[in-house]
Structure formats: C-alpha cells, structure tokens
Amino acid sequence: MIQVHHLVEAMERVAPTRYAESWDNVGLLAGDPSREIHRILLTIDYTRAVAAEGQQKQCDAVVAYHPPIFHPLKRLLADSLIFDAISRGVAIYSPHTALDVADGGTNDLLADVLGLQNRIPLRRIEPKATQYKLVTFVPRDHLDSVSESLFNAGAGQIGNYSHCSFRTTGTGTFFGHQDTNPAVGQRGQLEHADEVRLETVVPISRIQSILTALRTTHPYEEPAFDLLQLAPPPDNKGQGRIGDLQPIDRRQVIEQIRKELGLNHVLVAGPTTGTITRAAVCAGACGELLQDARNQNAQLYLTGEMRHHDALSAALDGMTIVCTLHSNSERAVLKRLEKKLLSELPGIKIECSQNDADPFQIFH
C-alpha cells in the first residue's frame, strides 16, 4: 500500500527540499500523509484543464512543479482549484526550485540538452539545516523502550541506516521538591541515578512527534533533553549550470535546443553564428543569474524568459541569449521525474499531463 507520505519521502530523495530557495513554497501543499494513493499525475502548472484531466484519470495525487499555493491564502472557496483538490482527497506536492538544484533535475536536463562538460552550478547555495541532535538521559531499565519509541517516531535515520544512536553511561542527579513525584528515589532529598546518555539524530520536520514520543515513554516527570541544530555539510549544489562545449556553431546549438525540447520556436537575442565553447543554463525566469553567467565567461545562456533590457545588454556584449518561454524550459524534466518516481514507488501508476502547456502561444 502506497500512501501520500511515501510520495513525500520519494520526492525528498529525488529533490531534497533543503536545497529550495528561501522564497519558495515546496513540499506537500495539500493532502493527508496517511491517505492511500494509486495514480500520480505530473505537471508543470496545476490549471483547471490539468485538474479535470486528473479527475478523469482518477489521479489521487499531483506533483505540480510550480507550487499552486505560493502567496498566503486568505480564502479557500468552492470555486478554487485547491478547495476542489482537498474536497476530492487529491494530494498536491510541489518540488519547484528543489528539483532545479537536484542532481539530474531541471537544470541538469538543460545542461544535457547542450552537452555541457565539466559542469558546475552557476550559483552555489548554502543548504538549509534539516536535523537536530537529540540528547536525553534515560534510566538503564527504560533505555530500550524509550529509544524504540524515538526510532518509531522518526529519529535515528542516517542515509539508508535506521535506529542509529550513541550511548554512554553516567550518573544523573536531581532534587525533587514538594510538588514532585519522582520515578526514582524520593522527593525532598538529593538523588543519584544510574543513567544512559542517549544521542540520536532527529529530522526537524518530525521534531514535535519525536518529543511527544520521548515525554510519553520516558519514566521521569520532567525528562531532560538537549536539542542541537546540526549544520549541513558543505556540498557543490546550486542553481543553474555552466560548463564547456566542444567547439560548435551557435546556430547548431540553437537548433539542438529547439529539437531536444520539442519546440517549434525559441527566442534568440544576440549573435546566431560563430563558434562557442562555453555555455550556461538556468530553467525558468533566470535573468537574475545572467551576471553570474557573464562573470564565468558563458558565450550562450539558455533560460525560459528574460527581461528586455537584460537580454539587450547581454546581446550587445556578444552573448547569445536563448529563451524558450518560461515553462518550456522546465516541462521536459517531467519524463525524467516519471522514471525516477516509478523506480522509487514500484507498483504505482504515474503519467505526465497531456493538458499541461505554456500559457503563451505564437501566432503567425
């Protein structure tokens, strides 16, 4: 049986949310984590046409790349897409910028379209903290029951290993005042107790349920514990990609982009001929990273959309800007995501929306 929380956990492995931009709204946006699901619809935008398609195909979960809940909601009325999804029990998950950063995600797909070699992030990011270390002190006779309760609540997970902890023995002291009822010793006197210092890692997202498990299982009225936020180790993650190319003519690269992304047209600013050996990519609206690409000597920059004056400035400097329209730079990743989720969630049905499309069309 596959439940919504299994989808959340699979997406966290594919595109860890700790790498999402601070302004973004990623993760499970609507739904019951314990609800069973059978069919998942993948889309870039959760539109009325996509929602109708999902209902017709009996999809009970949607992975929408762009978060359909982005700004704070002040009302949730019957004519809204989110109200409709919740009322039908449809879970909605959004990966957005977490998928852009992920290995093999949106930006790596664009880098693959260009054939970038020696690729690195166009702009590195600092990952967010995701774990605490929980330290508590347990009487030896209750160690197994307390630790098992913590593990069942989600503590002690390191990579593919579970039930991870470290234990050292020592002596705890306490003085119970008049209103106490100590589980060990007596009130009104200084007590010394043989205890085990239990240390384990705790996901920040599970902290409340884990502390509840601790307080419920621990024999003391007031169990002592420390929570230490763990700094994430540095890594080479970031938005966009930049790398090297075998010498190739710009026109050939532009045609390659159009063909690989399945587009009839792309927008181009700047030179369309001449050999290039270095390029950058960034899915979506990435004018903000244009200067990063220029500083790192990119001769061509592939993105979804860019402001007029930014494109004009880059073109005047001899850089080729290729814009696909916003979601056209992202949609091809859905097929890759489908394969990854099928591997993560064997037995569930997953498909890409046929009604998902960029809102802009080109008329002749």
# chains A, B, ... in the order shown; residues from 1 in each chain; ligands from 1
>>> residues_around(residues="Thr200 in chain A", least_positions_apart="5", cutoff="6 Å", atoms="only C-alpha atoms", output="list in words")
Lys133, Leu134, Gly156 and Ser165 of chain A
>>> closest_atom_pairs(of="range 140-256 of chain A", to="range 316-337 of chain A", cutoff="10 Å", atoms="only C-alpha atoms", output="tab-separated table")
residue	atom	partner	partner_atom	distance
A:Arg250	CA	A:Thr320	CA	7.9
A:Val253	CA	A:Val322	CA	9.8
A:Ile254	CA	A:Val322	CA	7.4
>>> closest_residue(among="A:Gln186, A:Asp194, A:His218, A:Gly154", to="Arg206 in chain A", atoms="only C-alpha atoms")
A:Gly154
>>> closest_residue(among="A:Gly172, A:Pro72, A:Gly270, A:Gly31", to="Asp84 in chain A", atoms="only C-alpha atoms")
A:Gly31
>>> closest_residue(among="A:Ala20, A:Ala49, A:Ile350, A:Val8", to="Ser34 in chain A", atoms="only C-alpha atoms")
A:Val8
>>> residues_around(residues="Ser147 in chain A", least_positions_apart="4", cutoff="8 Å", atoms="only C-alpha atoms", output="JSON, numbers by chain")
{"A": [143, 151, 198]}
>>> write_last_selection(atoms="C-alpha atoms", output="PDB file, in the first residue's frame")
ATOM      1  CA  LEU A 143      16.575   2.545  27.632  1.00  0.00           C
ATOM      2  CA  PHE A 151      13.032   5.464  16.409  1.00  0.00           C
ATOM      3  CA  LEU A 198      21.246   8.622  24.573  1.00  0.00           C
TER       4      LEU A 198
END
